[in-house]
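Q: Provided herewith: target.tsv, TSV, C-alpha atoms and all ligand atoms.
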chain	number	residue	atom	x	y	z
A	1303	MET	CA	88.53	91.18	72.13
A	1304	LYS	CA	88.00	93.70	74.92
A	1305	LYS	CA	85.49	94.23	77.68
A	1306	ASN	CA	84.66	96.53	80.53
A	1307	PHE	CA	86.72	95.65	83.61
A	1308	GLY	CA	85.03	98.06	86.03
A	1309	ILE	CA	85.02	101.72	86.93
A	1310	LEU	CA	87.64	102.91	89.41
A	1311	PRO	CA	86.75	105.24	92.32
A	1312	ASP	CA	88.05	108.23	90.31
A	1313	GLY	CA	85.59	107.44	87.49
A	1314	THR	CA	88.18	105.91	85.14
A	1315	GLN	CA	86.99	102.98	83.09
A	1316	ALA	CA	89.28	99.94	83.13
A	1317	THR	CA	89.37	97.54	80.19
A	1318	LEU	CA	90.20	93.85	79.94
A	1319	TYR	CA	91.86	92.71	76.71
A	1320	THR	CA	92.05	89.13	75.47
A	1321	ILE	CA	94.92	87.80	73.38
A	1322	THR	CA	95.39	84.29	72.00
A	1323	GLY	CA	98.21	82.33	70.42
A	1324	GLY	CA	100.38	79.24	70.76
A	1325	GLY	CA	97.50	77.26	72.26
A	1326	LEU	CA	97.10	79.83	75.07
A	1327	THR	CA	94.60	82.57	75.89
A	1328	ALA	CA	95.44	85.45	78.23
A	1329	THR	CA	93.63	88.48	79.56
A	1330	VAL	CA	95.44	91.68	80.51
A	1331	THR	CA	94.00	94.87	81.97
A	1332	ASP	CA	95.15	98.43	81.42
A	1333	PHE	CA	94.71	98.96	85.17
A	1334	GLY	CA	98.19	98.21	86.47
A	1335	ALA	CA	99.05	96.25	83.32
A	1336	HIS	CA	98.08	93.13	85.27
A	1337	LEU	CA	98.03	89.65	83.80
A	1338	VAL	CA	94.53	88.66	84.90
A	1339	SER	CA	94.19	85.14	83.51
A	1340	LEU	CA	96.09	82.60	81.47
A	1341	PHE	CA	94.28	79.60	80.02
A	1342	VAL	CA	96.42	76.52	79.33
A	1343	PRO	CA	95.32	73.02	78.23
A	1344	ASP	CA	96.18	69.96	80.30
A	1345	ARG	CA	97.28	66.59	78.94
A	1346	ASN	CA	93.63	65.67	78.23
A	1347	GLY	CA	92.85	68.93	76.45
A	1348	ASN	CA	90.96	70.45	79.39
A	1349	VAL	CA	91.71	74.14	79.69
A	1350	ASP	CA	92.26	75.84	83.06
A	1351	ASP	CA	93.25	79.31	84.17
A	1352	VAL	CA	96.65	78.90	85.83
A	1353	VAL	CA	97.22	82.37	87.33
A	1354	LEU	CA	95.65	84.02	90.36
A	1355	GLY	CA	93.71	87.25	89.84
A	1356	TYR	CA	90.57	89.23	90.62
A	1357	ASP	CA	87.23	89.64	88.84
A	1358	ASP	CA	87.57	93.33	88.09
A	1359	ALA	CA	89.84	96.35	88.44
A	1360	ASN	CA	88.53	97.22	91.89
A	1361	GLY	CA	89.62	93.81	93.15
A	1362	TYR	CA	93.20	94.88	92.41
A	1363	LEU	CA	92.66	98.05	94.46
A	1364	THR	CA	91.02	96.48	97.47
A	1365	GLY	CA	92.91	93.17	97.66
A	1366	ASN	CA	95.26	92.30	100.50
A	1367	GLY	CA	98.35	93.47	98.69
A	1368	ALA	CA	99.60	90.21	97.21
A	1369	TYR	CA	100.45	91.80	93.83
A	1370	LEU	CA	98.53	89.10	91.90
A	1371	GLY	CA	99.63	89.35	88.24
A	1372	ALA	CA	101.10	92.80	88.87
A	1373	THR	CA	103.52	94.72	86.70
A	1374	VAL	CA	106.05	95.93	89.28
A	1375	GLY	CA	108.31	98.95	88.74
A	1376	ARG	CA	110.40	101.00	88.66
A	1377	ASN	CA	112.15	98.68	91.10
A	1378	ALA	CA	111.03	95.18	92.03
A	1379	ASN	CA	111.48	93.76	95.54
A	1380	ARG	CA	113.15	95.50	98.48
A	1381	VAL	CA	115.40	98.47	99.17
A	1382	LYS	CA	116.89	98.50	102.67
A	1383	GLY	CA	116.10	101.69	104.56
A	1384	ALA	CA	114.09	102.89	101.51
A	1385	SER	CA	117.12	104.92	100.46
A	1386	PHE	CA	120.28	104.54	98.39
A	1387	MET	CA	122.93	106.53	96.53
A	1388	LEU	CA	122.61	107.08	92.81
A	1389	GLY	CA	125.92	108.65	91.85
A	1390	ASP	CA	126.25	111.58	94.29
A	1391	THR	CA	122.54	111.86	94.96
A	1392	ARG	CA	120.73	110.26	97.87
A	1393	ILE	CA	117.43	108.77	96.65
A	1394	ARG	CA	114.64	108.56	99.21
A	1395	MET	CA	111.71	106.25	98.61
A	1396	SER	CA	108.63	105.58	100.75
A	1397	ALA	CA	109.07	103.07	103.55
A	1398	ASN	CA	106.10	100.75	103.07
A	1399	GLU	CA	107.38	97.68	104.91
A	1400	GLY	CA	108.85	98.73	108.23
A	1401	GLU	CA	111.82	100.94	107.42
A	1402	ASN	CA	112.24	99.39	103.99
A	1403	ASN	CA	110.73	99.78	100.55
A	1404	LEU	CA	108.91	96.90	98.86
A	1405	HIS	CA	108.09	96.92	95.14
A	1406	SER	CA	108.71	100.70	94.90
A	1407	GLY	CA	106.20	101.78	97.53
A	1408	PRO	CA	102.50	102.46	97.99
A	1409	ASP	CA	102.24	104.14	94.60
A	1410	GLY	CA	103.26	101.11	92.56
A	1411	PHE	CA	102.89	100.88	88.80
A	1412	HIS	CA	100.30	98.15	89.37
A	1413	LEU	CA	97.94	100.79	90.77
A	1414	ARG	CA	98.18	103.14	87.77
A	1415	MET	CA	96.10	103.30	84.64
A	1416	TRP	CA	98.30	102.39	81.67
A	1417	ASN	CA	97.60	103.55	78.12
A	1418	LEU	CA	96.94	101.19	75.28
A	1419	VAL	CA	99.60	101.67	72.60
A	1420	ARG	CA	98.95	98.81	70.20
A	1421	ARG	CA	97.27	95.48	70.17
A	1422	GLY	CA	96.68	92.59	67.83
A	1423	PRO	CA	95.17	89.13	68.21
A	1424	HIS	CA	98.39	87.82	69.79
A	1425	PHE	CA	99.84	90.81	71.66
A	1426	ILE	CA	99.17	93.98	73.58
A	1427	THR	CA	101.49	96.90	74.40
A	1428	LEU	CA	100.70	99.27	77.28
A	1429	ASN	CA	102.51	102.47	78.22
A	1430	LEU	CA	103.03	104.40	81.43
A	1431	VAL	CA	104.71	107.77	81.79
A	1432	SER	CA	106.35	107.87	85.21
A	1433	PRO	CA	107.01	111.54	86.06
A	1434	GLN	CA	110.21	113.07	87.44
A	1435	GLY	CA	110.46	112.20	91.14
A	1436	ASP	CA	107.93	109.37	90.91
A	1437	GLN	CA	108.39	106.97	93.89
A	1438	GLY	CA	111.50	109.06	94.70
A	1439	PHE	CA	113.29	108.15	91.46
A	1440	PRO	CA	114.98	110.73	89.23
A	1441	GLY	CA	113.80	111.57	85.73
A	1442	LYS	CA	110.70	111.23	83.62
A	1443	ALA	CA	110.52	107.62	82.42
A	1444	ASP	CA	108.51	106.40	79.47
A	1445	ILE	CA	107.79	102.72	80.07
A	1446	TYR	CA	106.23	100.03	77.89
A	1447	VAL	CA	105.14	96.49	78.69
A	1448	THR	CA	104.21	94.04	75.93
A	1449	TYR	CA	102.48	90.73	76.51
A	1450	SER	CA	102.57	88.37	73.55
A	1451	LEU	CA	101.45	84.79	72.99
A	1452	GLU	CA	103.73	83.03	70.56
A	1453	LYS	CA	103.91	79.65	68.89
A	1454	ASP	CA	104.67	76.57	70.99
A	1455	GLY	CA	102.92	77.82	74.10
A	1456	VAL	CA	105.04	80.87	74.89
A	1457	LEU	CA	103.87	83.85	76.89
A	1458	ARG	CA	106.53	86.56	76.53
A	1459	ILE	CA	106.58	89.74	78.60
A	1460	ARG	CA	108.85	92.53	77.35
A	1461	TYR	CA	109.71	95.73	79.19
A	1462	ASP	CA	111.12	98.79	77.44
A	1463	GLY	CA	111.84	102.17	78.86
A	1464	ILE	CA	113.76	105.36	78.53
A	1465	CYS	CA	114.37	108.06	81.13
A	1466	ASP	CA	115.70	111.61	80.76
A	1467	ARG	CA	117.93	111.23	83.86
A	1468	ASP	CA	120.03	108.45	85.32
A	1469	THR	CA	117.61	106.21	87.23
A	1470	VAL	CA	116.69	102.66	88.24
A	1471	MET	CA	114.85	100.19	86.00
A	1472	ASN	CA	114.08	96.77	87.40
A	1473	MET	CA	110.67	95.67	86.20
A	1474	THR	CA	109.02	92.34	86.89
A	1475	ASN	CA	105.73	90.53	86.66
A	1476	HIS	CA	104.32	89.21	89.93
A	1477	SER	CA	101.99	86.47	88.68
A	1478	TYR	CA	101.23	83.59	91.01
A	1479	PHE	CA	100.98	80.30	89.15
A	1480	ASN	CA	99.06	77.22	90.14
A	1481	LEU	CA	99.42	74.81	87.23
A	1482	ALA	CA	96.55	72.69	88.55
A	1483	GLY	CA	94.28	75.72	88.01
A	1484	HIS	CA	93.79	78.86	90.10
A	1485	HIS	CA	90.44	77.57	91.35
A	1486	ARG	CA	91.57	74.20	92.70
A	1487	GLY	CA	91.76	75.42	96.28
A	1488	GLU	CA	94.85	73.36	96.89
A	1489	ALA	CA	98.34	74.33	97.77
A	1490	ALA	CA	100.82	74.11	94.95
A	1491	MET	CA	103.17	72.11	97.17
A	1492	LYS	CA	102.98	68.89	95.12
A	1493	GLN	CA	104.04	70.74	92.01
A	1494	GLU	CA	107.65	70.16	91.13
A	1495	LEU	CA	110.20	72.87	90.66
A	1496	ILE	CA	113.61	73.01	89.06
A	1497	LEU	CA	115.84	76.02	89.77
A	1498	PRO	CA	119.27	75.46	88.19
A	1499	GLY	CA	120.73	78.37	90.21
A	1500	ARG	CA	123.72	77.32	92.32
A	1501	PHE	CA	123.46	80.25	94.71
A	1502	PHE	CA	120.70	82.07	96.55
A	1503	ASN	CA	120.54	85.19	98.73
A	1504	PRO	CA	119.92	84.50	102.44
A	1505	ASP	CA	117.91	87.36	103.96
A	1506	ASP	CA	117.70	88.93	107.40
A	1507	ALA	CA	114.50	88.93	109.47
A	1508	GLU	CA	113.23	91.88	107.40
A	1509	ASN	CA	113.66	89.96	104.16
A	1510	ILE	CA	116.67	92.04	103.12
A	1511	PRO	CA	119.64	90.14	101.64
A	1512	THR	CA	122.52	89.85	104.08
A	1513	GLY	CA	124.98	90.23	101.21
A	1514	GLU	CA	125.97	86.56	101.22
A	1515	LEU	CA	125.54	84.47	98.10
A	1516	ARG	CA	125.17	81.00	99.55
A	1517	SER	CA	125.59	77.71	97.73
A	1518	VAL	CA	122.38	75.65	97.61
A	1519	ASP	CA	124.47	72.52	97.93
A	1520	GLY	CA	123.23	70.27	100.72
A	1521	THR	CA	120.44	72.71	101.71
A	1522	PRO	CA	116.63	72.70	101.30
A	1523	MET	CA	117.23	75.48	98.72
A	1524	ASP	CA	118.68	72.98	96.25
A	1525	PHE	CA	116.22	72.65	93.35
A	1526	ARG	CA	118.80	71.63	90.76
A	1527	GLN	CA	116.98	68.31	90.45
A	1528	PRO	CA	113.17	68.36	90.18
A	1529	LYS	CA	111.61	68.42	93.65
A	1530	PRO	CA	108.05	68.88	94.95
A	1531	ILE	CA	107.96	72.38	96.42
A	1532	GLY	CA	106.50	71.04	99.66
A	1533	ARG	CA	109.21	68.46	100.27
A	1534	ASP	CA	111.67	70.67	102.15
A	1535	ILE	CA	109.72	73.92	102.64
A	1536	ASP	CA	109.23	73.37	106.36
A	1537	CYS	CA	112.73	72.04	107.02
A	1538	ASP	CA	114.65	73.21	110.02
A	1539	TYR	CA	116.81	75.72	108.12
A	1540	ASP	CA	117.25	79.35	109.16
A	1541	PRO	CA	116.45	81.06	105.82
A	1542	LEU	CA	113.18	79.09	105.70
A	1543	HIS	CA	112.28	79.97	109.29
A	1544	LEU	CA	113.00	83.65	108.75
A	1545	GLN	CA	110.85	83.94	105.62
A	1546	ALA	CA	108.18	81.35	106.64
A	1547	GLY	CA	109.05	79.23	103.63
A	1548	TYR	CA	110.60	79.98	100.24
A	1549	ASP	CA	110.81	83.71	99.53
A	1550	HIS	CA	114.33	84.15	98.18
A	1551	ASN	CA	116.29	85.19	95.15
A	1552	TRP	CA	118.27	82.61	93.15
A	1553	GLU	CA	120.95	83.47	90.64
A	1554	VAL	CA	119.86	82.96	87.04
A	1555	PHE	CA	122.45	80.44	85.95
A	1556	CYS	CA	121.16	79.20	82.60
A	1557	SER	CA	118.08	79.04	80.43
A	1558	PRO	CA	115.45	78.06	81.44
A	1559	CYS	CA	116.06	79.47	84.91
A	1560	ALA	CA	113.00	77.76	86.39
A	1561	ILE	CA	110.72	74.89	85.42
A	1562	LEU	CA	107.45	74.29	87.25
A	1563	ARG	CA	105.53	71.04	86.66
A	1564	ASP	CA	102.19	69.76	87.81
A	1565	PRO	CA	102.22	65.95	87.68
A	1566	GLY	CA	98.41	65.89	88.05
A	1567	SER	CA	97.52	67.87	84.92
A	1568	GLY	CA	100.73	67.29	82.96
A	1569	ARG	CA	101.27	71.04	82.59
A	1570	GLU	CA	104.78	72.39	82.63
A	1571	MET	CA	106.10	75.97	82.53
A	1572	ALA	CA	109.73	76.82	81.68
A	1573	VAL	CA	110.89	80.37	82.46
A	1574	SER	CA	113.70	82.04	80.50
A	1575	THR	CA	114.92	85.58	81.05
A	1576	ASP	CA	117.70	88.07	80.49
A	1577	CYS	CA	117.51	89.10	84.16
A	1578	PRO	CA	120.27	88.06	86.60
A	1579	GLY	CA	117.93	86.85	89.37
A	1580	ILE	CA	114.67	85.08	90.06
A	1581	GLN	CA	112.64	85.43	93.25
A	1582	PHE	CA	110.79	82.27	94.20
A	1583	TYR	CA	107.98	83.18	96.59
A	1584	ALA	CA	105.81	80.24	97.65
A	1585	GLY	CA	102.74	82.28	98.63
A	1586	ASN	CA	103.48	81.88	102.34
A	1587	PHE	CA	101.22	84.83	103.23
A	1588	LEU	CA	98.53	84.44	100.55
A	1589	ASN	CA	95.06	85.34	101.74
A	1590	GLU	CA	92.97	86.78	98.92
A	1591	THR	CA	89.48	86.41	97.49
A	1592	GLY	CA	90.02	86.08	93.79
A	1593	LYS	CA	88.25	85.40	90.51
A	1594	GLY	CA	84.80	83.88	90.91
A	1595	GLY	CA	84.96	84.38	94.71
A	1596	ILE	CA	87.65	81.70	95.03
A	1597	SER	CA	89.78	81.92	98.17
A	1598	TYR	CA	93.48	81.87	97.54
A	1599	GLY	CA	95.08	80.67	100.76
A	1600	PHE	CA	98.39	79.55	102.18
A	1601	ARG	CA	100.81	78.52	99.39
A	1602	GLU	CA	98.10	78.15	96.74
A	1603	GLY	CA	100.16	80.02	94.16
A	1604	ILE	CA	103.85	80.28	93.31
A	1605	ALA	CA	105.48	83.51	92.16
A	1606	LEU	CA	108.63	83.31	90.05
A	1607	GLU	CA	109.72	86.92	89.59
A	1608	THR	CA	112.63	87.61	87.25
A	1609	GLN	CA	114.58	90.64	88.43
A	1610	PHE	CA	117.84	92.16	89.61
A	1611	TYR	CA	118.79	90.78	93.02
A	1612	PRO	CA	116.77	92.34	95.84
A	1613	ASP	CA	118.41	95.45	97.31
A	1614	SER	CA	121.04	95.35	94.56
A	1615	VAL	CA	121.18	99.18	94.77
A	1616	HIS	CA	123.25	98.58	97.93
A	1617	HIS	CA	125.52	95.88	96.47
A	1618	SER	CA	127.83	97.16	93.75
A	1619	GLU	CA	129.33	93.64	93.55
A	1620	TRP	CA	126.05	92.38	92.04
A	1621	PRO	CA	124.54	93.22	88.62
A	1622	GLN	CA	123.21	96.77	88.84
A	1623	PRO	CA	119.70	98.02	87.98
A	1624	PHE	CA	120.81	101.51	86.97
A	1625	VAL	CA	120.22	103.01	83.52
A	1626	LYS	CA	121.77	106.17	82.14
A	1627	ALA	CA	119.78	109.15	80.89
A	1628	GLY	CA	118.63	108.39	77.35
A	1629	GLU	CA	119.73	104.74	77.53
A	1630	HIS	CA	117.19	102.19	76.30
A	1631	TYR	CA	116.14	99.76	79.05
A	1632	HIS	CA	114.95	96.42	77.76
A	1633	SER	CA	114.23	93.20	79.58
A	1634	GLU	CA	112.15	90.17	78.72
A	1635	THR	CA	110.94	86.94	80.22
A	1636	ALA	CA	109.39	83.98	78.37
A	1637	TYR	CA	107.10	81.50	80.08
A	1638	LYS	CA	106.90	78.42	77.84
A	1639	PHE	CA	104.04	76.05	78.53
A	1640	SER	CA	103.72	72.43	77.49
A	1641	TRP	CA	101.08	69.89	78.40
Y	1	LIG	C1	108.26	89.22	98.02
Y	1	LIG	C2	107.44	88.69	99.17
Y	1	LIG	C3	106.15	89.46	99.25
Y	1	LIG	C4	105.44	89.33	97.92
Y	1	LIG	C5	104.15	90.11	97.88
Y	1	LIG	C6	107.48	89.07	96.75
Y	1	LIG	O1	108.21	89.63	95.71
Y	1	LIG	O2	109.50	88.56	97.92
Y	1	LIG	O3	108.16	88.82	100.38
Y	1	LIG	O4	105.34	88.98	100.31
Y	1	LIG	O5	106.28	89.81	96.90
Y	1	LIG	O6	104.38	91.44	98.11
As structure tokens - that is how I would like this structure written.

A:
Amino acid sequence: MKKNFGILPDGTQATLYTITGGGLTATVTDFGAHLVSLFVPDRNGNVDDVVLGYDDANGYLTGNGAYLGATVGRNANRVKGASFMLGDTRIRMSANEGENNLHSGPDGFHLRMWNLVRRGPHFITLNLVSPQGDQGFPGKADIYVTYSLEKDGVLRIRYDGICDRDTVMNMTNHSYFNLAGHHRGEAAMKQELILPGRFFNPDDAENIPTGELRSVDGTPMDFRQPKPIGRDIDCDYDPLHLQAGYDHNWEVFCSPCAILRDPGSGREMAVSTDCPGIQFYAGNFLNETGKGGISYGFREGIALETQFYPDSVHHSEWPQPFVKAGEHYHSETAYKFSW
């Protein structure tokens, strides 16, 4: 199924596609390859939309920059000083957060029109050609994102790409989940989270990793046992003060690398990925008017972004987001729902 999702200021028509499978229904738009909605049953069979989004394509243009449901690339999260060395070449990106680069700059992939490649009842593949020099990155990159709904409640997002020069590929999806339903108007703080990761990246005041990989042991960052997100979020702990709550990268230690549960509805989401890191952002700065005019406020959605560690371009000791010319980039993340 497809429908009109609005006309952009440049006259381009955006489309919203619906896919179904595994007990789930999702909508995805070609504008920014956003995940717009995701309908999941609860333990009583009532279906709710569990991701935050906007009513039409223009909402994604005029929103307050929260990246609701966004496909982020070429490089997710931050680059200190908006510049780094790729081999012998200095790469310069736009500084869009102070001196630093966030989510590849003002011209993010979530603000581009993607092309429909293929779709079926259960999947959709969209393509973007990112030209040489795009966002400061070398090479022309041909990038694909596929959303599929699979048996047993799985939403899988796959990223594929190839570039004609050595470059960076670190794609993620920036959906905010509220397993009680996006429209509940309540913070997701009672929802329980498990993050098996033993280490996280403390950040400086600009949200850039200090380089330390710190053990979660004995800290409010320890989610190895299920814990309501709100339990420790306002604890007296420097990394929480600096980022106004959880907004950090955890190592991906095993599969699943995150489990989110809503005791109220009985919904659960288990995240598995081939990425080395997962950013848990608790919506500390959320302030958007979303689908159906619903206000999404403080901590009303939880982002779990699978990725290379933030600013990994400056840390050769961490897994590296570089791909060689002609090398196939592939990454995927599965979000498995039960209820
Ligand atoms: C970052 C947050 C940021 C959010 C929206 C997340 O990936 O870690 O600091 O506020 O994206 O841009």

Q: Expressed in Å to a single decimal, how great is the separation between CA of Ile1459 in chain A and CA of Met1571 in chain A?

A: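 Result for CA of Ile1459 in chain A versus CA of Met1571 in chain A: 14.3 Å, one decimal.
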
Q: When distances are computed from all atoms listed in the file, which of A:Phe1341, A:Phe1386, A:Phe1582, A:Trp1620 shows the smallest separation from ligand LIG 1 (chain Y)?

A: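 Result for the nearest residue to ligand LIG 1 (chain Y): A:Phe1582.
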
Q: Please identify every polymer residue within 7 Å of ligand LIG 1 (chain Y), using all atoms listed in the file, and present the set as an mmCIF file with C-alpha atoms, in the frame of the given file.

A:
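Full text of pocket27.cif as output:
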data_model
loop_
_atom_site.group_PDB
_atom_site.id
_atom_site.type_symbol
_atom_site.label_atom_id
_atom_site.label_comp_id
_atom_site.auth_asym_id
_atom_site.auth_seq_id
_atom_site.Cartn_x
_atom_site.Cartn_y
_atom_site.Cartn_z
ATOM 1 C CA GLY A 1367 98.350 93.470 98.690
ATOM 2 C CA ALA A 1368 99.600 90.210 97.210
ATOM 3 C CA TYR A 1369 100.450 91.800 93.830
ATOM 4 C CA ASN A 1379 111.480 93.760 95.540
ATOM 5 C CA HIS A 1476 104.320 89.210 89.930
ATOM 6 C CA ASN A 1509 113.660 89.960 104.160
ATOM 7 C CA ASP A 1549 110.810 83.710 99.530
ATOM 8 C CA HIS A 1550 114.330 84.150 98.180
ATOM 9 C CA GLN A 1581 112.640 85.430 93.250
ATOM 10 C CA TYR A 1583 107.980 83.180 96.590
ATOM 11 C CA PHE A 1587 101.220 84.830 103.230
ATOM 12 C CA GLU A 1607 109.720 86.920 89.590
#

Q: For a cutoff of 8 Å around the file-coordinate point (116.9, 97.4, 104.8), which residues qualify once you count only C-alpha atoms? I'd like the result as number ranges by chain.

A: A: 1380-1384, 1401-1403, 1508, 1510, 1613

Q: Determine, counting all atoms listed in the file, which protein, DNA and RNA residues have an atom within 12 Å of an atom of Gly1323 in chain A; residues of the same chain fewer than 6 positions away are not included. Present the result as a PyMOL selection string.

A: chain A and resi 1329+1340-1342+1422-1425+1449-1458+1639

Q: Quick one: of A:Leu1388, A:Leu1495, A:Ala1546, A:Leu1418, who's nearest to His1616 in chain A, counting only C-alpha atoms?

A: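 Closest candidate: A:Leu1388.
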
Q: One decimal, Å: what's the distance from CA of Ile1561 in chain A over to CA of Asn1429 in chain A, could you say?

A: 29.7 Å

Q: Could you rebuild range 1406-1414 of chain A with all heavy atoms and give me the result as a PDB file, keeping the file's coordinate frame?

A:
ATOM      1  N   SER A1406     108.708  99.270  95.233  1.00  0.00           N
ATOM      2  CA  SER A1406     108.710 100.700  94.900  1.00  0.00           C
ATOM      3  C   SER A1406     107.700 101.542  95.664  1.00  0.00           C
ATOM      4  O   SER A1406     107.527 102.725  95.376  1.00  0.00           O
ATOM      5  CB  SER A1406     108.551 100.940  93.391  1.00  0.00           C
ATOM      6  OG  SER A1406     109.622 100.344  92.701  1.00  0.00           O
ATOM      7  N   GLY A1407     107.007 100.954  96.633  1.00  0.00           N
ATOM      8  CA  GLY A1407     106.200 101.780  97.530  1.00  0.00           C
ATOM      9  C   GLY A1407     104.713 101.720  97.271  1.00  0.00           C
ATOM     10  O   GLY A1407     104.238 100.969  96.418  1.00  0.00           O
ATOM     11  N   PRO A1408     103.966 102.535  98.038  1.00  0.00           N
ATOM     12  CA  PRO A1408     102.500 102.460  97.990  1.00  0.00           C
ATOM     13  C   PRO A1408     101.928 102.890  96.637  1.00  0.00           C
ATOM     14  O   PRO A1408     100.790 102.549  96.313  1.00  0.00           O
ATOM     15  CB  PRO A1408     102.052 103.423  99.090  1.00  0.00           C
ATOM     16  CG  PRO A1408     103.236 104.280  99.383  1.00  0.00           C
ATOM     17  CD  PRO A1408     104.461 103.519  99.010  1.00  0.00           C
ATOM     18  N   ASP A1409     102.722 103.621  95.882  1.00  0.00           N
ATOM     19  CA  ASP A1409     102.240 104.140  94.600  1.00  0.00           C
ATOM     20  C   ASP A1409     102.853 103.327  93.459  1.00  0.00           C
ATOM     21  O   ASP A1409     103.472 103.862  92.556  1.00  0.00           O
ATOM     22  CB  ASP A1409     102.633 105.626  94.524  1.00  0.00           C
ATOM     23  CG  ASP A1409     101.898 106.344  93.423  1.00  0.00           C
ATOM     24  OD1 ASP A1409     100.916 105.785  92.914  1.00  0.00           O
ATOM     25  OD2 ASP A1409     102.330 107.461  93.076  1.00  0.00           O
ATOM     26  N   GLY A1410     102.657 102.022  93.543  1.00  0.00           N
ATOM     27  CA  GLY A1410     103.260 101.110  92.560  1.00  0.00           C
ATOM     28  C   GLY A1410     102.649 101.254  91.177  1.00  0.00           C
ATOM     29  O   GLY A1410     101.516 101.732  91.028  1.00  0.00           O
ATOM     30  N   PHE A1411     103.386 100.816  90.183  1.00  0.00           N
ATOM     31  CA  PHE A1411     102.890 100.880  88.800  1.00  0.00           C
ATOM     32  C   PHE A1411     101.648 100.018  88.598  1.00  0.00           C
ATOM     33  O   PHE A1411     100.896 100.216  87.654  1.00  0.00           O
ATOM     34  CB  PHE A1411     103.980 100.416  87.820  1.00  0.00           C
ATOM     35  CG  PHE A1411     105.102 101.391  87.628  1.00  0.00           C
ATOM     36  CD1 PHE A1411     106.137 101.074  86.761  1.00  0.00           C
ATOM     37  CD2 PHE A1411     105.128 102.606  88.276  1.00  0.00           C
ATOM     38  CE1 PHE A1411     107.180 101.966  86.552  1.00  0.00           C
ATOM     39  CE2 PHE A1411     106.172 103.506  88.083  1.00  0.00           C
ATOM     40  CZ  PHE A1411     107.205 103.179  87.214  1.00  0.00           C
ATOM     41  N   HIS A1412     101.458  99.041  89.490  1.00  0.00           N
ATOM     42  CA  HIS A1412     100.300  98.150  89.370  1.00  0.00           C
ATOM     43  C   HIS A1412      99.004  98.829  89.809  1.00  0.00           C
ATOM     44  O   HIS A1412      97.931  98.252  89.686  1.00  0.00           O
ATOM     45  CB  HIS A1412     100.530  96.860  90.166  1.00  0.00           C
ATOM     46  CG  HIS A1412     100.627  97.094  91.645  1.00  0.00           C
ATOM     47  ND1 HIS A1412     101.560  97.934  92.216  1.00  0.00           N
ATOM     48  CD2 HIS A1412      99.887  96.616  92.680  1.00  0.00           C
ATOM     49  CE1 HIS A1412     101.393  97.955  93.517  1.00  0.00           C
ATOM     50  NE2 HIS A1412     100.390  97.159  93.822  1.00  0.00           N
ATOM     51  N   LEU A1413      99.141 100.056  90.357  1.00  0.00           N
ATOM     52  CA  LEU A1413      97.940 100.790  90.770  1.00  0.00           C
ATOM     53  C   LEU A1413      97.701 101.993  89.873  1.00  0.00           C
ATOM     54  O   LEU A1413      96.960 102.906  90.237  1.00  0.00           O
ATOM     55  CB  LEU A1413      98.073 101.213  92.241  1.00  0.00           C
ATOM     56  CG  LEU A1413      98.235 100.051  93.227  1.00  0.00           C
ATOM     57  CD1 LEU A1413      98.462 100.550  94.649  1.00  0.00           C
ATOM     58  CD2 LEU A1413      97.010  99.132  93.192  1.00  0.00           C
ATOM     59  N   ARG A1414      98.347 102.020  88.714  1.00  0.00           N
ATOM     60  CA  ARG A1414      98.180 103.140  87.770  1.00  0.00           C
ATOM     61  C   ARG A1414      97.388 102.656  86.560  1.00  0.00           C
ATOM     62  O   ARG A1414      97.452 101.488  86.185  1.00  0.00           O
ATOM     63  CB  ARG A1414      99.538 103.621  87.245  1.00  0.00           C
ATOM     64  CG  ARG A1414     100.623 103.786  88.277  1.00  0.00           C
ATOM     65  CD  ARG A1414     100.645 105.146  88.913  1.00  0.00           C
ATOM     66  NE  ARG A1414     101.718 105.168  89.909  1.00  0.00           N
ATOM     67  CZ  ARG A1414     102.924 105.673  89.688  1.00  0.00           C
ATOM     68  NH1 ARG A1414     103.230 106.215  88.526  1.00  0.00           N
ATOM     69  NH2 ARG A1414     103.837 105.653  90.649  1.00  0.00           N
TER      70      ARG A1414
END
